[in-house]
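*Asks:* The following file, entry_29.txt, comprises compact mmCIF, C-alpha atoms and all ligand atoms:
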```
# COMPACT_ATOMS: atom_id res chain seq x y z
CA MET Y 7 -160.69 -16.79 38.79
CA SER Y 8 -160.07 -14.75 35.63
CA SER Y 9 -156.75 -16.52 35.04
CA TYR Y 10 -158.55 -19.87 35.37
CA LEU Y 11 -161.15 -18.67 32.86
CA PHE Y 12 -158.52 -17.76 30.36
CA GLN Y 13 -156.59 -21.00 30.74
CA VAL Y 14 -159.65 -23.22 30.54
CA SER Y 15 -160.78 -21.34 27.43
CA GLN Y 16 -157.45 -22.22 25.80
CA LEU Y 17 -157.84 -25.99 26.22
CA LYS Y 18 -159.21 -27.75 23.14
CA LYS Y 19 -161.18 -30.17 25.32
CA TYR Y 20 -163.18 -27.33 26.85
CA GLN Y 21 -163.51 -25.41 23.58
CA ASP Y 22 -165.20 -28.49 22.11
CA PHE Y 23 -167.33 -28.89 25.19
CA LEU Y 24 -168.46 -25.26 25.05
CA ASN Y 25 -169.36 -25.58 21.39
CA LYS Y 26 -171.48 -28.57 22.26
CA ILE Y 27 -173.37 -26.96 25.14
CA THR Y 28 -173.85 -23.67 23.29
CA LYS Y 29 -175.75 -25.60 20.65
CA GLY Y 30 -177.73 -27.37 23.37
CA SER Y 31 -181.19 -26.71 24.73
CA HIS Y 32 -182.31 -23.47 26.48
CA ALA Y 33 -182.06 -25.36 29.78
CA ILE Y 34 -178.90 -27.31 30.49
CA ILE Y 35 -177.52 -29.20 33.47
CA LEU Y 36 -173.74 -29.07 33.94
CA HIS Y 37 -172.88 -32.12 35.98
CA SER Y 38 -169.50 -32.20 37.74
CA GLU Y 39 -168.06 -32.69 41.22
CA ASP Y 40 -165.75 -29.76 40.57
CA THR Y 41 -167.66 -26.63 41.59
CA ILE Y 42 -164.91 -24.20 40.55
CA LEU Y 43 -164.86 -25.73 37.07
CA GLN Y 44 -168.67 -25.58 36.87
CA ASP Y 45 -168.47 -21.88 37.58
CA ILE Y 46 -165.84 -21.32 34.92
CA ILE Y 47 -167.83 -23.24 32.30
CA ALA Y 48 -171.03 -21.35 33.16
CA LYS Y 49 -169.25 -18.03 32.62
CA LEU Y 50 -167.62 -19.11 29.37
CA PHE Y 51 -171.02 -20.35 28.21
CA VAL Y 52 -172.57 -16.90 28.72
CA MET Y 53 -169.54 -15.22 27.10
CA ASN Y 54 -169.91 -17.45 24.05
CA PHE Y 55 -173.32 -15.90 23.45
CA GLU Y 56 -172.63 -12.33 24.50
CA CYS Y 57 -169.02 -11.55 23.55
CA GLU Y 58 -168.85 -8.54 21.20
CA ASN Y 59 -165.92 -9.85 19.17
CA ASP Y 60 -165.57 -12.47 16.47
CA MET Y 61 -163.19 -14.77 18.31
CA VAL Y 62 -165.41 -15.64 21.25
CA PRO Y 63 -164.89 -15.39 24.12
CA CYS Y 64 -162.38 -12.54 23.79
CA MET Y 65 -162.20 -11.90 27.57
CA TYR Y 66 -161.67 -8.15 27.18
CA CYS Y 67 -164.81 -6.64 25.61
CA THR Y 68 -167.23 -4.89 27.96
CA SER Y 69 -169.60 -7.86 27.97
CA CYS Y 70 -166.90 -10.42 28.71
CA GLN Y 71 -165.55 -8.20 31.50
CA LYS Y 72 -168.95 -7.79 33.09
CA ILE Y 73 -169.58 -11.53 33.00
CA MET Y 74 -166.15 -12.22 34.46
CA ASP Y 75 -166.66 -9.72 37.30
CA ASN Y 76 -170.21 -10.85 38.13
CA ASN Y 77 -171.54 -7.44 37.09
CA ALA Y 78 -173.78 -8.45 34.19
CA LEU Y 79 -177.37 -7.35 34.79
CA ASP Y 80 -178.78 -10.16 32.69
CA VAL Y 81 -176.94 -12.94 34.49
CA LYS Y 82 -178.72 -13.89 37.70
CA VAL Y 83 -177.11 -16.34 40.09
CA PHE Y 84 -178.98 -18.33 42.73
CA GLY Y 85 -178.01 -21.00 45.24
CA GLU Y 86 -174.50 -19.71 45.85
CA ASN Y 87 -174.54 -19.05 49.60
CA LYS Y 88 -177.84 -20.64 50.48
CA SER Y 89 -180.02 -23.31 48.91
CA ILE Y 90 -182.63 -22.29 46.38
CA VAL Y 91 -186.08 -22.00 47.99
CA VAL Y 92 -189.63 -21.38 46.72
CA GLU Y 93 -189.24 -17.58 46.99
CA ASP Y 94 -186.28 -17.75 44.61
CA SER Y 95 -188.29 -19.82 42.15
CA ASN Y 96 -191.22 -17.40 42.33
CA PHE Y 97 -188.86 -14.52 41.64
CA ILE Y 98 -187.31 -16.34 38.67
CA VAL Y 99 -190.72 -17.10 37.15
CA GLN Y 100 -191.79 -13.42 37.41
CA ASP Y 101 -188.45 -12.02 36.36
CA SER Y 102 -188.19 -14.24 33.30
CA PHE Y 103 -190.95 -12.20 31.65
CA VAL Y 104 -188.87 -9.00 31.83
CA LEU Y 105 -186.79 -8.43 28.70
CA PRO Y 106 -182.98 -8.45 28.98
CA TYR Y 107 -181.41 -5.02 29.72
CA GLU Y 108 -178.17 -5.23 27.80
CA PHE Y 109 -177.56 -8.72 26.47
CA LYS Y 110 -179.28 -10.75 23.76
CA ASN Y 111 -180.38 -13.29 26.35
CA LYS Y 112 -181.08 -13.52 30.02
CA TYR Y 113 -179.34 -16.21 32.08
CA TYR Y 114 -180.32 -17.93 35.30
CA ILE Y 115 -177.36 -19.73 36.82
CA LEU Y 116 -178.71 -22.09 39.47
CA LYS Y 117 -175.84 -23.31 41.60
CA ASN Y 118 -175.81 -26.39 43.83
CA PHE Y 119 -179.16 -27.22 42.32
CA GLU Y 120 -179.32 -30.60 44.07
CA ASN Y 121 -179.79 -28.65 47.30
CA ALA Y 122 -182.83 -26.76 46.02
CA THR Y 123 -185.93 -27.82 47.95
CA PRO Y 124 -188.31 -30.12 46.01
CA GLN Y 125 -190.96 -27.36 46.20
CA ALA Y 126 -188.52 -24.87 44.68
CA GLN Y 127 -187.65 -27.35 41.93
CA ASN Y 128 -191.33 -28.02 41.25
CA LYS Y 129 -192.11 -24.32 40.93
CA LEU Y 130 -189.57 -24.03 38.11
CA LEU Y 131 -190.93 -26.89 36.01
CA LYS Y 132 -193.18 -24.80 33.82
CA VAL Y 133 -190.75 -21.96 33.18
CA ILE Y 134 -187.98 -24.44 32.36
CA GLU Y 135 -190.30 -26.26 29.97
CA GLU Y 136 -191.63 -23.17 28.16
CA PRO Y 137 -189.48 -20.14 28.86
CA GLN Y 138 -189.45 -16.84 26.97
CA SER Y 139 -187.34 -17.04 23.83
CA TYR Y 140 -184.52 -14.97 25.38
CA VAL Y 141 -184.17 -17.06 28.57
CA LYS Y 142 -181.44 -19.64 29.27
CA PHE Y 143 -181.17 -21.82 32.34
CA VAL Y 144 -177.86 -23.27 33.52
CA LEU Y 145 -178.23 -25.71 36.39
CA LEU Y 146 -175.00 -26.63 38.17
CA VAL Y 147 -175.27 -30.05 39.76
CA ASN Y 148 -172.83 -32.16 41.79
CA ASN Y 149 -175.18 -35.04 42.42
CA LEU Y 150 -177.80 -35.82 39.79
CA ASP Y 151 -179.68 -38.23 42.06
CA ALA Y 152 -180.98 -35.35 44.17
CA VAL Y 153 -182.54 -33.54 41.21
CA LEU Y 154 -186.21 -34.24 40.47
CA SER Y 155 -186.61 -36.47 37.44
CA THR Y 156 -189.21 -34.03 36.08
CA ILE Y 157 -186.49 -31.33 36.03
CA LYS Y 158 -183.92 -33.66 34.46
CA SER Y 159 -186.31 -34.66 31.70
CA ARG Y 160 -186.78 -30.98 30.76
CA CYS Y 161 -183.06 -30.20 30.58
CA GLU Y 162 -180.19 -31.35 28.44
CA ILE Y 163 -177.61 -32.98 30.75
CA PHE Y 164 -173.88 -32.57 30.10
CA ASP Y 165 -171.02 -34.18 32.05
CA VAL Y 166 -168.24 -31.62 32.31
CA PRO Y 167 -164.94 -33.30 31.31
CA ARG Y 168 -162.32 -33.53 34.07
CA PHE Y 169 -158.83 -32.11 33.92
CA ASP Y 170 -156.03 -34.62 33.67
CA THR Y 171 -153.29 -34.37 36.29
CA LEU Y 172 -150.96 -32.36 34.09
CA GLU Y 173 -153.63 -29.85 33.02
CA LEU Y 174 -154.66 -29.45 36.61
CA LYS Y 175 -151.09 -28.86 37.73
CA ASN Y 176 -150.46 -26.27 35.01
CA ILE Y 177 -153.65 -24.37 35.69
CA PHE Y 178 -153.05 -24.24 39.41
CA ASP Y 179 -149.31 -23.58 39.20
CA PHE Y 180 -149.89 -20.60 36.97
CA ARG Y 181 -151.90 -19.05 39.73
CA VAL Y 182 -150.13 -19.93 42.97
CA GLY Y 183 -146.67 -21.04 41.89
CA ASP Y 184 -145.59 -23.18 44.84
CA GLY Y 185 -144.43 -26.04 42.63
CA LYS Y 186 -143.69 -28.75 45.17
CA LYS Y 187 -146.87 -28.39 47.14
CA VAL Y 188 -148.95 -28.20 43.97
CA SER Y 189 -147.50 -31.33 42.45
CA PHE Y 190 -148.13 -33.17 45.71
CA GLY Y 191 -151.75 -32.04 45.80
CA ALA Y 192 -152.42 -32.59 42.11
CA GLU Y 193 -151.66 -36.28 42.53
CA TYR Y 194 -154.46 -36.54 45.03
CA ALA Y 195 -157.05 -34.28 43.49
CA SER Y 196 -158.18 -36.72 40.74
CA GLY Y 197 -158.46 -33.94 38.17
CA ASN Y 198 -160.66 -31.83 40.42
CA LEU Y 199 -159.66 -28.16 40.73
CA THR Y 200 -161.93 -27.59 43.74
CA LYS Y 201 -160.35 -30.53 45.53
CA LEU Y 202 -156.84 -29.35 44.70
CA THR Y 203 -157.69 -25.93 46.11
CA GLN Y 204 -158.92 -27.57 49.31
CA ILE Y 205 -155.82 -29.73 49.59
CA TYR Y 206 -153.59 -26.75 48.96
CA GLU Y 207 -155.30 -24.72 51.64
CA ASP Y 208 -155.45 -27.62 54.09
CA ASP Y 209 -152.32 -27.61 56.22
CA ASP Y 210 -153.29 -30.96 57.69
CA PHE Y 211 -153.15 -32.74 54.37
CA GLN Y 212 -149.46 -33.54 54.50
CA ASP Y 213 -149.75 -34.66 58.13
CA ILE Y 214 -152.54 -37.04 57.21
CA TYR Y 215 -150.45 -38.36 54.35
CA ALA Y 216 -147.56 -38.98 56.78
CA LEU Y 217 -149.91 -40.84 59.14
CA CYS Y 218 -151.02 -43.05 56.24
CA VAL Y 219 -147.39 -43.89 55.44
CA ARG Y 220 -146.69 -44.78 59.09
CA LEU Y 221 -149.80 -46.92 59.23
CA LEU Y 222 -148.91 -48.82 56.08
CA THR Y 223 -145.36 -49.34 57.27
CA ASN Y 224 -145.95 -50.24 60.89
CA LEU Y 225 -149.31 -51.94 61.25
CA LYS Y 226 -148.22 -55.53 61.84
CA THR Y 227 -150.04 -57.05 64.81
CA SER Y 228 -153.33 -56.45 66.60
CA ALA Y 229 -151.33 -54.70 69.33
CA ASP Y 230 -150.65 -51.89 66.81
CA VAL Y 231 -154.35 -51.43 66.14
CA LEU Y 232 -154.98 -49.60 69.41
CA GLU Y 233 -152.11 -47.19 68.84
CA TYR Y 234 -153.18 -46.29 65.31
CA SER Y 235 -156.89 -46.17 65.93
CA SER Y 236 -156.34 -43.50 68.58
CA GLN Y 237 -154.18 -41.46 66.18
CA ILE Y 238 -156.78 -41.79 63.43
CA LEU Y 239 -159.67 -40.83 65.70
CA LYS Y 240 -157.89 -37.56 66.48
CA LEU Y 241 -158.44 -36.58 62.84
CA LYS Y 242 -162.19 -36.23 63.51
CA ASP Y 243 -163.78 -34.51 60.50
CA LYS Y 244 -160.67 -35.22 58.44
CA PHE Y 245 -161.32 -38.96 58.61
CA GLN Y 246 -162.79 -39.00 55.13
CA THR Y 247 -159.67 -37.35 53.72
CA PHE Y 248 -157.66 -40.02 55.51
CA VAL Y 249 -159.67 -42.80 53.85
CA GLU Y 250 -159.35 -41.15 50.45
CA ILE Y 251 -155.58 -40.79 50.77
CA LEU Y 252 -155.29 -44.44 51.84
CA ILE Y 253 -157.25 -45.54 48.77
CA LEU Y 254 -155.01 -43.47 46.51
CA MET Y 255 -151.89 -44.88 48.17
CA TYR Y 256 -153.04 -48.47 47.74
CA ARG Y 257 -153.90 -47.72 44.10
CA ASP Y 258 -150.39 -46.35 43.62
CA ILE Y 259 -148.93 -49.45 45.26
CA LEU Y 260 -150.88 -51.57 42.80
CA THR Y 261 -149.55 -49.46 39.93
CA ILE Y 262 -145.99 -50.10 41.10
CA GLN Y 263 -146.66 -53.84 41.47
CA GLN Y 264 -147.89 -53.88 37.90
CA SER Y 265 -144.44 -52.49 36.98
CA LYS Y 266 -145.58 -49.02 36.05
CA PRO Y 267 -143.80 -46.94 38.70
CA GLU Y 268 -143.19 -44.15 36.17
CA LEU Y 269 -146.90 -43.27 36.44
CA ILE Y 270 -146.19 -41.90 39.90
CA GLU Y 271 -144.70 -38.55 39.02
CA ASN Y 272 -143.39 -37.59 42.43
CA LYS Y 273 -140.03 -39.37 43.07
CA GLU Y 274 -140.14 -39.12 46.83
CA GLN Y 275 -143.57 -40.77 46.93
CA GLN Y 276 -142.47 -43.35 44.42
CA ASN Y 277 -139.61 -44.48 46.70
CA ILE Y 278 -141.80 -44.79 49.78
CA LEU Y 279 -144.48 -46.67 47.89
CA THR Y 280 -142.01 -49.04 46.23
CA VAL Y 281 -140.85 -50.25 49.65
CA LEU Y 282 -144.46 -50.77 50.68
CA ALA Y 283 -145.29 -52.53 47.40
CA ASN Y 284 -142.59 -55.12 48.09
CA GLY Y 285 -144.12 -56.03 51.43
CA ILE Y 286 -147.64 -56.93 50.33
CA SER Y 287 -149.34 -59.07 47.65
CA SER Y 288 -151.44 -57.53 44.88
CA LYS Y 289 -154.38 -59.63 45.94
CA ALA Y 290 -154.22 -58.16 49.44
CA VAL Y 291 -154.00 -54.64 47.99
CA ILE Y 292 -157.10 -55.17 45.85
CA ASN Y 293 -159.06 -56.55 48.81
CA ILE Y 294 -158.00 -53.66 51.05
CA ILE Y 295 -159.08 -51.11 48.43
CA GLN Y 296 -162.50 -52.78 48.30
CA GLU Y 297 -162.68 -52.62 52.08
CA LEU Y 298 -161.81 -48.91 52.05
CA GLN Y 299 -164.45 -48.20 49.40
CA GLY Y 300 -166.95 -49.85 51.73
CA VAL Y 301 -165.84 -47.57 54.57
CA LYS Y 302 -166.31 -44.54 52.32
CA GLU Y 303 -169.88 -45.64 51.64
CA LYS Y 304 -170.55 -46.15 55.35
CA LEU Y 305 -169.33 -42.63 56.12
CA LYS Y 306 -172.14 -41.22 53.98
CA TYR Y 307 -174.59 -42.59 56.53
CA ASN Y 308 -172.86 -41.14 59.58
CA ALA Y 309 -171.60 -44.45 60.85
CA ASN Y 310 -169.93 -44.56 64.27
CA ILE Y 311 -166.36 -43.68 63.34
CA SER Y 312 -164.55 -45.37 66.22
CA GLY Y 313 -166.25 -48.68 65.41
CA VAL Y 314 -165.43 -48.20 61.73
CA VAL Y 315 -161.74 -47.47 62.41
CA ASP Y 316 -161.15 -50.51 64.64
CA SER Y 317 -162.84 -52.94 62.31
CA LEU Y 318 -161.03 -51.42 59.31
CA LEU Y 319 -157.58 -51.86 60.88
CA LEU Y 320 -158.33 -55.42 61.98
CA LYS Y 321 -159.65 -56.20 58.51
CA ILE Y 322 -156.46 -54.85 56.89
CA LEU Y 323 -154.38 -57.10 59.16
CA GLU Y 324 -156.57 -60.08 58.36
CA ILE Y 325 -156.36 -59.50 54.60
CA LYS Y 326 -152.59 -59.08 54.76
CA HIS Y 327 -152.35 -62.36 56.68
CA LEU Y 328 -154.68 -64.31 54.37
CA CYS Y 329 -153.15 -63.07 51.14
CA LYS Y 330 -149.49 -63.51 51.96
ZN ZN I 1 -165.69 -10.59 24.54
```
Spell out the structure here as structure tokens.
*Replies:*
Amino acid sequence: MSSYLFQVSQLKKYQDFLNKITKGSHAIILHSEDTILQDIIAKLFVMNFECENDMVPCMYCTSCQKIMDNNALDVKVFGENKSIVVEDSNFIVQDSFVLPYEFKNKYYILKNFENATPQAQNKLLKVIEEPQSYVKFVLLVNNLDAVLSTIKSRCEIFDVPRFDTLELKNIFDFRVGDGKKVSFGAEYASGNLTKLTQIYEDDDFQDIYALCVRLLTNLKTSADVLEYSSQILKLKDKFQTFVEILILMYRDILTIQQSKPELIENKEQQNILTVLANGISSKAVINIIQELQGVKEKLKYNANISGVVDSLLLKILEIKHLCK
């Protein structure tokens, strides 16, 4: 974590972002799907205010160290291991009247705020609207839709910029150093450090990728549907990963068809995908991607997976046939 903090603090993009949010309101929402990055930004935000040196954040003064190690008395974190409930909100309201112990300000970092119960969110409205002068709220949100509009209207909302693939690779490499595996994962993480960490730790990821390649290569007639649907159903809770990898592969195929193969950094993948790109029309690829996006939506509503898989495979065959 501390190496991530240092590296992120060195990137101009995030320096600018931190300057912007530090000048923002006393209550901010950091919106991002990358929870590790949210955490890093929240810490750097506090450091920017509390660092004891001129070049903030220095990372080595006592204050920076305490913030980094989660030992700062005036930084209170909620919602990390369980959703924020009314009792938490009541505590925050009371506690916000107590002066800071060691810092200039007092910080409430409210993680996964979209999971806070509506009652808990409601209880915070007043204190977020009119807090003590030394209080700062940092709400970390993955999905803005689940946050009460009355909360949103009282906060300043910032979209945390994503990493690009190269930044992501460098940051992660520095830490774990298994180059090949990292570059494979970084391609599929869409700039999301949390996602890359999951991919890296998920031993099934490469197997699922291999299944996708086999499917794209061998699915030719409706007789193949049965074979592949049973293999796909074995993935169970990894089905969503499967759909996401398929979407990324079809996007890469489209990239190759548009004569930009150099955008696919990994040579091995580039070769496999080039063969596939020659066997299908761009129109079919675009239609299949749309179909897969639809499947992703359906998964949000707990659709019956076996029904979804069969109709997806048949649809892919149909599109391939129609768009020859
Ligand atoms: Zn410092």
*Asks:* What does the distance from CA of Leu319 (chain Y) to CA of Ile294 (chain Y) come to in Å, to one decimal?
*Replies:*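 Pair CA of Leu319 (chain Y) / CA of Ile294 (chain Y) returns 10.0 Å.
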*Asks:* Which residues are near region 64-68 of chain Y? Cut-off 12 Å, all atoms listed in the file, ignore same chain within fewer than 5 positions. Put them as a list in words.
*Replies:*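 Once the nearby chain positions are removed, what remains is Ser8, Ser9, Tyr10, Leu11, Phe12, Gln13, Val14, Ser15, Gln16, Lys49, Leu50, Val52, Met53, Asn54, Phe55, Glu56, Cys57, Glu58, Asn59, Ile73, Met74, Asp75, Asn77, Ala78, Glu108 and Phe109 of chain Y.
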*Asks:* If you count all atoms listed in the file, which residues fall within 8 Å of Arg160 (chain Y), apart from same-chain ones fewer than 5 positions away, as a list in words?
*Replies:* Ala33, Leu131, Ile134 and Glu135 of chain Y
*Asks:* With distances taken over only C-alpha atoms and all ligand atoms, which of Y:Gln71, Y:Glu173, Y:Tyr20, Y:Ile42 is nearest to ligand ZN 1 (chain I)?
*Replies:* Y:Gln71
*Asks:* Is there a way to get, as number ranges by chain, all residues within 9 Å of the point (-149.5, -54.5, 42.3) in file coordinates, counting all atoms listed in the file?
*Replies:* Y: 256-265, 283, 286-289, 291-292
*Asks:* Would you mind reading off the distance between CA of Ile251 (chain Y) and CA of Ile205 (chain Y), one decimal, in Å?
*Replies:*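 That distance, rounded to one decimal, is 11.1 Å.
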*Asks:* Neighbourhood query: residues within 12 Å of (-165.2, -30.9, 26.8), file coordinates, counting all atoms listed in the file; return as a PyMOL selection string.
*Replies:* chain Y and resi 14-28+36+38+43-44+47+164-169
*Asks:* Can you measure CA of Phe103 (chain Y) to CA of Ser139 (chain Y) for me? One decimal in Å is fine.
*Replies:*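 Between these atoms lies a distance of 9.9 Å.
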*Asks:* When distances are computed from all atoms listed in the file, which of Y:Leu298, Y:Leu79, Y:Leu320, Y:Glu39 shows the smallest separation from Ser196 (chain Y)?
*Replies:* Y:Glu39
*Asks:* Smallest atom-to-atom distance to ligand ZN 1 (chain I): which of Y:Ile238, Y:Ile295, Y:Val62, Y:Val104, using all atoms listed in the file?
*Replies:*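 Selected residue with least distance to ligand ZN 1 (chain I): Y:Val62.
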